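The file model06.cif contains mmCIF, C-alpha atoms; chains and numbers go by the auth columns:
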```cif
data_upload
#
loop_
_atom_site.group_PDB
_atom_site.id
_atom_site.type_symbol
_atom_site.label_atom_id
_atom_site.label_comp_id
_atom_site.label_asym_id
_atom_site.label_seq_id
_atom_site.Cartn_x
_atom_site.Cartn_y
_atom_site.Cartn_z
_atom_site.B_iso_or_equiv
_atom_site.auth_seq_id
_atom_site.auth_asym_id
ATOM 1 C CA MET A 1 -48.725 -68.908 5.910 0.00 53 A
ATOM 2 C CA GLN A 2 -50.718 -67.210 3.261 0.00 54 A
ATOM 3 C CA ASN A 3 -52.358 -65.061 5.915 0.00 55 A
ATOM 4 C CA ASN A 4 -49.017 -63.965 7.172 0.00 56 A
ATOM 5 C CA ALA A 5 -47.897 -62.901 3.669 0.00 57 A
ATOM 6 C CA GLU A 6 -51.147 -60.965 3.112 0.00 58 A
ATOM 7 C CA THR A 7 -50.703 -59.132 6.398 0.00 59 A
ATOM 8 C CA THR A 8 -47.129 -58.180 5.492 0.00 60 A
ATOM 9 C CA GLU A 9 -48.297 -56.969 2.083 0.00 61 A
ATOM 10 C CA LYS A 10 -51.038 -54.818 3.625 0.00 62 A
ATOM 11 C CA THR A 11 -48.584 -53.444 6.140 0.00 63 A
ATOM 12 C CA ALA A 12 -46.140 -52.553 3.317 0.00 64 A
ATOM 13 C CA GLU A 13 -48.914 -50.682 1.486 0.00 65 A
ATOM 14 C CA MET A 14 -49.833 -48.729 4.637 0.00 66 A
ATOM 15 C CA ASN A 15 -46.324 -47.632 5.487 0.00 67 A
ATOM 16 C CA ILE A 16 -47.309 -44.291 6.996 0.00 68 A
ATOM 17 C CA ASN A 17 -45.952 -43.365 10.402 0.00 69 A
ATOM 18 C CA ALA A 18 -47.679 -40.870 12.571 0.00 70 A
ATOM 19 C CA ASP A 19 -44.576 -40.488 14.689 0.00 71 A
ATOM 20 C CA GLU A 20 -41.646 -38.828 12.888 0.00 72 A
ATOM 21 C CA ASN A 21 -39.153 -40.560 15.167 0.00 73 A
ATOM 22 C CA ALA A 22 -40.501 -44.041 14.369 0.00 74 A
ATOM 23 C CA ALA A 23 -38.681 -46.106 11.764 0.00 75 A
ATOM 24 C CA GLY A 24 -40.296 -46.255 8.340 0.00 76 A
ATOM 25 C CA THR A 25 -39.751 -45.585 4.673 0.00 77 A
ATOM 26 C CA SER A 26 -42.012 -42.562 4.287 0.00 78 A
ATOM 27 C CA ASN A 27 -42.608 -39.578 6.512 0.00 79 A
ATOM 28 C CA LEU A 28 -45.392 -37.052 6.760 0.00 80 A
ATOM 29 C CA ASN A 29 -42.816 -34.218 6.959 0.00 81 A
ATOM 30 C CA GLU A 30 -41.651 -34.346 3.274 0.00 82 A
ATOM 31 C CA PRO A 31 -43.078 -30.853 2.436 0.00 83 A
ATOM 32 C CA VAL A 32 -40.893 -29.466 5.237 0.00 84 A
ATOM 33 C CA ALA A 33 -37.814 -30.822 3.405 0.00 85 A
ATOM 34 C CA GLU A 34 -38.807 -28.903 0.235 0.00 86 A
ATOM 35 C CA GLU A 35 -39.211 -25.731 2.292 0.00 87 A
ATOM 36 C CA SER A 36 -35.717 -26.165 3.769 0.00 88 A
ATOM 37 C CA VAL A 37 -34.229 -26.537 0.251 0.00 89 A
ATOM 38 C CA VAL A 38 -35.974 -23.308 -0.822 0.00 90 A
ATOM 39 C CA ALA A 39 -34.746 -21.534 2.324 0.00 91 A
ATOM 40 C CA LYS A 40 -31.227 -22.813 1.671 0.00 92 A
ATOM 41 C CA LEU A 41 -31.325 -21.548 -1.936 0.00 93 A
ATOM 42 C CA GLU A 42 -32.685 -18.174 -0.802 0.00 94 A
ATOM 43 C CA ALA A 43 -29.872 -17.870 1.741 0.00 95 A
ATOM 44 C CA GLU A 44 -27.331 -18.765 -0.921 0.00 96 A
ATOM 45 C CA LEU A 45 -28.855 -16.177 -3.290 0.00 97 A
ATOM 46 C CA ALA A 46 -28.720 -13.510 -0.581 0.00 98 A
ATOM 47 C CA ASP A 47 -25.071 -14.397 0.059 0.00 99 A
ATOM 48 C CA GLN A 48 -24.238 -14.097 -3.653 0.00 100 A
ATOM 49 C CA LYS A 49 -26.078 -10.756 -3.858 0.00 101 A
ATOM 50 C CA ASP A 50 -24.070 -9.501 -0.888 0.00 102 A
ATOM 51 C CA LYS A 51 -20.805 -10.608 -2.511 0.00 103 A
ATOM 52 C CA TYR A 52 -21.835 -8.924 -5.784 0.00 104 A
ATOM 53 C CA LEU A 53 -22.714 -5.647 -4.061 0.00 105 A
ATOM 54 C CA ARG A 54 -19.435 -5.650 -2.141 0.00 106 A
ATOM 55 C CA LEU A 55 -17.498 -6.354 -5.331 0.00 107 A
ATOM 56 C CA MET A 56 -19.274 -3.528 -7.174 0.00 108 A
ATOM 57 C CA ALA A 57 -18.605 -1.123 -4.296 0.00 109 A
ATOM 58 C CA GLU A 58 -14.952 -2.163 -4.218 0.00 110 A
ATOM 59 C CA PHE A 59 -14.652 -1.666 -7.993 0.00 111 A
ATOM 60 C CA ASP A 60 -16.327 1.745 -7.770 0.00 112 A
ATOM 61 C CA ASN A 61 -13.868 2.775 -5.038 0.00 113 A
ATOM 62 C CA PHE A 62 -10.977 1.498 -7.163 0.00 114 A
ATOM 63 C CA ARG A 63 -12.218 3.475 -10.177 0.00 115 A
ATOM 64 C CA ARG A 64 -12.540 6.680 -8.137 0.00 116 A
ATOM 65 C CA ARG A 65 -9.125 6.198 -6.529 0.00 117 A
ATOM 66 C CA THR A 66 -7.353 5.588 -9.863 0.00 118 A
ATOM 67 C CA ALA A 67 -9.114 8.577 -11.447 0.00 119 A
ATOM 68 C CA LYS A 68 -7.937 10.771 -8.573 0.00 120 A
ATOM 69 C CA GLU A 69 -4.373 9.408 -8.789 0.00 121 A
ATOM 70 C CA ARG A 70 -4.354 9.920 -12.561 0.00 122 A
ATOM 71 C CA LEU A 71 -5.498 13.527 -12.181 0.00 123 A
ATOM 72 C CA GLU A 72 -2.782 14.172 -9.579 0.00 124 A
ATOM 73 C CA LEU A 73 -0.185 12.545 -11.835 0.00 125 A
ATOM 74 C CA ILE A 74 -1.214 14.699 -14.793 0.00 126 A
ATOM 75 C CA GLN A 75 -1.091 17.849 -12.691 0.00 127 A
ATOM 76 C CA THR A 76 2.391 17.093 -11.354 0.00 128 A
ATOM 77 C CA ALA A 77 3.846 15.156 -14.315 0.00 129 A
ATOM 78 C CA GLY A 78 6.240 17.911 -15.337 0.00 130 A
ATOM 79 C CA LYS A 79 7.240 18.846 -11.795 0.00 131 A
ATOM 80 C CA ASP A 80 10.533 16.950 -11.915 0.00 132 A
ATOM 81 C CA VAL A 81 11.564 18.577 -15.191 0.00 133 A
ATOM 82 C CA ILE A 82 10.472 22.040 -14.071 0.00 134 A
ATOM 83 C CA VAL A 83 12.396 21.765 -10.791 0.00 135 A
ATOM 84 C CA SER A 84 15.553 20.758 -12.658 0.00 136 A
ATOM 85 C CA LEU A 85 15.120 23.708 -15.052 0.00 137 A
ATOM 86 C CA LEU A 86 14.805 26.192 -12.184 0.00 138 A
ATOM 87 C CA ASP A 87 18.592 25.946 -11.679 0.00 139 A
ATOM 88 C CA VAL A 88 19.060 26.901 -15.314 0.00 140 A
ATOM 89 C CA LEU A 89 16.654 29.806 -14.878 0.00 141 A
ATOM 90 C CA ASP A 90 18.688 31.008 -11.885 0.00 142 A
ATOM 91 C CA ASP A 91 21.815 30.844 -14.046 0.00 143 A
ATOM 92 C CA CYS A 92 20.021 32.861 -16.751 0.00 144 A
ATOM 93 C CA ASP A 93 19.177 35.542 -14.183 0.00 145 A
ATOM 94 C CA ARG A 94 22.824 35.693 -13.067 0.00 146 A
ATOM 95 C CA ALA A 95 23.996 35.858 -16.679 0.00 147 A
ATOM 96 C CA GLU A 96 21.582 38.730 -17.366 0.00 148 A
ATOM 97 C CA LYS A 97 23.023 40.695 -14.437 0.00 149 A
ATOM 98 C CA GLN A 98 26.555 40.027 -15.656 0.00 150 A
ATOM 99 C CA LEU A 99 25.647 41.138 -19.199 0.00 151 A
ATOM 100 C CA GLN A 100 24.442 44.463 -17.837 0.00 152 A
ATOM 101 C CA GLY A 101 27.462 45.001 -15.555 0.00 153 A
ATOM 102 C CA THR A 102 30.468 44.048 -17.684 0.00 154 A
ATOM 103 C CA GLU A 103 31.862 44.904 -21.086 0.00 155 A
ATOM 104 C CA ASP A 104 34.072 41.795 -21.430 0.00 156 A
ATOM 105 C CA ILE A 105 32.487 39.987 -24.407 0.00 157 A
ATOM 106 C CA ALA A 106 34.588 36.822 -23.987 0.00 158 A
ATOM 107 C CA ALA A 107 33.437 36.383 -20.356 0.00 159 A
ATOM 108 C CA GLN A 108 29.823 37.037 -21.352 0.00 160 A
ATOM 109 C CA LYS A 109 30.028 34.504 -24.155 0.00 161 A
ATOM 110 C CA GLU A 110 31.564 31.897 -21.849 0.00 162 A
ATOM 111 C CA GLY A 111 28.846 32.461 -19.213 0.00 163 A
ATOM 112 C CA VAL A 112 26.029 32.136 -21.743 0.00 164 A
ATOM 113 C CA MET A 113 27.566 28.955 -23.168 0.00 165 A
ATOM 114 C CA LEU A 114 27.749 27.476 -19.657 0.00 166 A
ATOM 115 C CA VAL A 115 24.021 28.174 -19.193 0.00 167 A
ATOM 116 C CA PHE A 116 23.192 26.572 -22.570 0.00 168 A
ATOM 117 C CA ASN A 117 25.284 23.497 -21.762 0.00 169 A
ATOM 118 C CA LYS A 118 23.611 23.152 -18.363 0.00 170 A
ATOM 119 C CA LEU A 119 20.189 23.298 -20.029 0.00 171 A
ATOM 120 C CA ARG A 120 21.158 20.674 -22.606 0.00 172 A
ATOM 121 C CA ASN A 121 22.592 18.390 -19.897 0.00 173 A
ATOM 122 C CA ASN A 122 19.449 18.710 -17.768 0.00 174 A
ATOM 123 C CA LEU A 123 17.252 17.777 -20.719 0.00 175 A
ATOM 124 C CA GLN A 124 19.504 14.847 -21.653 0.00 176 A
ATOM 125 C CA GLN A 125 19.261 13.519 -18.084 0.00 177 A
ATOM 126 C CA LYS A 126 15.464 13.577 -18.453 0.00 178 A
ATOM 127 C CA GLY A 127 15.650 11.516 -21.660 0.00 179 A
ATOM 128 C CA VAL A 128 15.528 14.274 -24.302 0.00 180 A
ATOM 129 C CA LYS A 129 17.709 13.628 -27.353 0.00 181 A
ATOM 130 C CA VAL A 130 18.270 15.760 -30.444 0.00 182 A
ATOM 131 C CA MET A 131 17.260 14.170 -33.746 0.00 183 A
ATOM 132 C CA GLU A 132 20.099 13.982 -36.283 0.00 184 A
ATOM 133 C CA THR A 133 18.699 15.051 -39.650 0.00 185 A
ATOM 134 C CA ILE A 134 21.274 16.735 -41.911 0.00 186 A
ATOM 135 C CA ASN A 135 22.366 14.475 -44.840 0.00 187 A
ATOM 136 C CA THR A 136 19.936 11.710 -43.815 0.00 188 A
ATOM 137 C CA ASP A 137 17.162 10.292 -45.990 0.00 189 A
ATOM 138 C CA PHE A 138 13.895 12.224 -45.722 0.00 190 A
ATOM 139 C CA ASP A 139 11.496 10.250 -43.510 0.00 191 A
ATOM 140 C CA VAL A 140 7.878 11.406 -43.172 0.00 192 A
ATOM 141 C CA GLU A 141 7.748 9.649 -39.789 0.00 193 A
ATOM 142 C CA LYS A 142 10.450 11.970 -38.401 0.00 194 A
ATOM 143 C CA HIS A 143 10.619 15.019 -40.625 0.00 195 A
ATOM 144 C CA GLU A 144 8.279 17.768 -41.709 0.00 196 A
ATOM 145 C CA ALA A 145 9.323 19.136 -45.107 0.00 197 A
ATOM 146 C CA ILE A 146 9.136 22.936 -45.242 0.00 198 A
ATOM 147 C CA THR A 147 10.330 23.190 -48.820 0.00 199 A
ATOM 148 C CA GLU A 148 12.211 21.374 -51.548 0.00 200 A
ATOM 149 C CA ILE A 149 15.190 22.809 -53.355 0.00 201 A
ATOM 150 C CA PRO A 150 17.314 21.444 -56.192 0.00 202 A
ATOM 151 C CA ALA A 151 19.967 19.151 -54.742 0.00 203 A
ATOM 152 C CA PRO A 152 23.513 20.490 -55.134 0.00 204 A
ATOM 153 C CA THR A 153 24.803 16.963 -55.859 0.00 205 A
ATOM 154 C CA GLU A 154 23.183 13.792 -57.115 0.00 206 A
ATOM 155 C CA GLU A 155 23.678 11.899 -53.820 0.00 207 A
ATOM 156 C CA LEU A 156 21.705 14.569 -51.877 0.00 208 A
ATOM 157 C CA LYS A 157 18.468 13.944 -53.814 0.00 209 A
ATOM 158 C CA GLY A 158 15.753 12.837 -51.387 0.00 210 A
ATOM 159 C CA LYS A 159 17.938 13.742 -48.426 0.00 211 A
ATOM 160 C CA VAL A 160 17.690 16.477 -45.827 0.00 212 A
ATOM 161 C CA ILE A 161 19.847 19.411 -46.909 0.00 213 A
ATOM 162 C CA ASP A 162 19.063 21.923 -44.168 0.00 214 A
ATOM 163 C CA GLU A 163 17.327 21.914 -40.805 0.00 215 A
ATOM 164 C CA VAL A 164 15.044 24.856 -39.959 0.00 216 A
ATOM 165 C CA THR A 165 13.894 23.523 -36.571 0.00 217 A
ATOM 166 C CA LYS A 166 15.466 20.609 -34.688 0.00 218 A
ATOM 167 C CA GLY A 167 13.462 17.527 -33.879 0.00 219 A
ATOM 168 C CA TYR A 168 13.550 15.883 -30.455 0.00 220 A
ATOM 169 C CA PHE A 169 13.023 12.458 -28.925 0.00 221 A
ATOM 170 C CA LEU A 170 11.882 11.807 -25.367 0.00 222 A
ATOM 171 C CA ASN A 171 12.927 8.290 -24.369 0.00 223 A
ATOM 172 C CA ASP A 172 13.040 7.241 -28.047 0.00 224 A
ATOM 173 C CA LYS A 173 9.581 8.653 -28.795 0.00 225 A
ATOM 174 C CA ILE A 174 9.298 11.658 -31.085 0.00 226 A
ATOM 175 C CA ILE A 175 8.037 14.717 -29.206 0.00 227 A
ATOM 176 C CA ARG A 176 8.754 17.234 -31.989 0.00 228 A
ATOM 177 C CA PHE A 177 9.266 16.640 -35.688 0.00 229 A
ATOM 178 C CA ALA A 178 12.229 18.260 -37.391 0.00 230 A
ATOM 179 C CA LYS A 179 11.319 20.950 -39.926 0.00 231 A
ATOM 180 C CA VAL A 180 13.669 20.425 -42.828 0.00 232 A
ATOM 181 C CA VAL A 181 14.578 21.419 -46.377 0.00 233 A
ATOM 182 C CA VAL A 182 14.716 18.455 -48.765 0.00 234 A
ATOM 183 C CA GLY A 183 16.781 18.112 -51.960 0.00 235 A
ATOM 184 C CA LYS A 184 14.946 17.096 -55.127 0.00 236 A
#
```
Go ahead and express the file in the form of structure tokens.
Amino acid sequence: MQNNAETTEKTAEMNINADENAAGTSNLNEPVAEESVVAKLEAELADQKDKYLRLMAEFDNFRRRTAKERLELIQTAGKDVIVSLLDVLDDCDRAEKQLQGTEDIAAQKEGVMLVFNKLRNNLQQKGVKVMETINTDFDVEKHEAITEIPAPTEELKGKVIDEVTKGYFLNDKIIRFAKVVVGK
């Protein structure tokens, strides 16, 4: 029995199979397994590089496209406003012809007022609002003080007394400050 145990022990120590298909605990092809892991990692790295390059190309195309769209938007941003003002310009041309051809001051005045009202309405439709300034507190965020004069009454001190140039809002954002005279 001892011989049988020694033979099994020697066989366990020499557990090398020459045939890769034969059953056993160790195989002569272990270095091949390491090479397949390296090949797998290299393939995965190449795949990630490909994805990265595609992503960078896609981002570059996106950047170029948005830059082009932005440039086009800037170039045509005022188109809508300009087109709406062309009607007013046509009315101005008609009013000029009427001013040269007629002596009726009341009709001329009425025609000019119609043109002014049309211009104001067009600008209001585009979001332009006039800033109310007279008798309001002076605000450096809205007003540009041209000069200060003595206030005619005590309650007008620090308030806007006169407006030299109107201020305007475009969609509640100041596009031109009002130039005003302030009471001191």
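Distance annotation: of A:Asp145, A:Glu200, A:Asp191, A:Glu184, the residue with the minimal separation from A:Thr217 is A:Glu184; atom set is all atoms listed in the file.
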At most 12 Å is the cut-off: for each residue in stretch 104-168 of chain A with any atom that close to an atom of stretch 82-99 of chain A, write down the nearest atom pair and the distance in Å rounded to one decimal, counting only C-alpha atoms, chain first then increasing number, as JSON lines.
```
{"residue": "A:Tyr104", "atom": "CA", "partner": "A:Asp99", "partner_atom": "CA", "distance": 8.6}
{"residue": "A:Leu105", "atom": "CA", "partner": "A:Asp99", "partner_atom": "CA", "distance": 10.0}
{"residue": "A:Arg106", "atom": "CA", "partner": "A:Asp99", "partner_atom": "CA", "distance": 10.6}
```
For the file shown, report as number ranges by chain the outcome of the PyMOL selection byres ((chain A and resi 140) around 9) at residue level. A: 136-139, 141-145, 167-168, 170-171, 174
Emit the selected residues as a short mmCIF file (atom, residue, chain, number, x, y, z; two decimals), in the frame of the given file, including C-alpha atoms.
```cif
data_model
loop_
_atom_site.label_atom_id
_atom_site.label_comp_id
_atom_site.auth_asym_id
_atom_site.auth_seq_id
_atom_site.Cartn_x
_atom_site.Cartn_y
_atom_site.Cartn_z
CA SER A 136 15.55 20.76 -12.66
CA LEU A 137 15.12 23.71 -15.05
CA LEU A 138 14.80 26.19 -12.18
CA ASP A 139 18.59 25.95 -11.68
CA LEU A 141 16.65 29.81 -14.88
CA ASP A 142 18.69 31.01 -11.88
CA ASP A 143 21.82 30.84 -14.05
CA CYS A 144 20.02 32.86 -16.75
CA ASP A 145 19.18 35.54 -14.18
CA VAL A 167 24.02 28.17 -19.19
CA PHE A 168 23.19 26.57 -22.57
CA LYS A 170 23.61 23.15 -18.36
CA LEU A 171 20.19 23.30 -20.03
CA ASN A 174 19.45 18.71 -17.77
#
```
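Pairwise distance (atom CA of A:Lys225, atom CA of A:Arg115) equals 29.1 Å.
Between atom CA of A:Val164 and atom CA of A:Gln152 lies a distance of 13.0 Å.
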All file atoms of stretch 175-184 of chain A boxed axis-aligned, 6 Å per side, centre plus edges, as lines of an AutoDock Vina configuration file:
```
center_x = 17.8
center_y = 14.6
center_z = -27.2
size_x = 16.6
size_y = 18.3
size_z = 30.2
```
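Against the coordinates shown, the PyMOL selection byres ((chain A and resi 230) around 8) returns Met183, Thr185, Lys194, His195, Glu196, Glu215, Val216, Thr217, Lys218, Gly219, Tyr220, Arg228, Phe229, Lys231 and Val232 of chain A.
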Could you pull the residues within 6 Å of A:Val234, counting all atoms listed in the file, minus those fewer than 2 positions along the same chain, as a ChimeraX atom specification? /A:200,211-213
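Going from atom CA of A:Val180 over to atom CA of A:Asp224, you cover 8.3 Å.
For A:Pro202, the list of residues within 9 Å, based on all atoms listed in the file and with local chain neighbours fewer than 2 positions off taken out, reads Glu200, Pro204, Thr205, Lys209, Val234, Gly235 and Lys236 of chain A.
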Could you list, with a cut-off of 12 Å and counting only C-alpha atoms, the residues of stretch 170-209 of chain A near stretch 124-132 of chain A, each shown with its nearest atom pair and the distance in Å rounded to one decimal, rows sorted by chain and ascending number, as CSV?
```
residue,atom,partner,partner_atom,distance
A:Asn174,CA,A:Asp132,CA,10.8
A:Leu175,CA,A:Asp132,CA,11.1
A:Gln177,CA,A:Asp132,CA,11.2
A:Lys178,CA,A:Asp132,CA,8.9
```
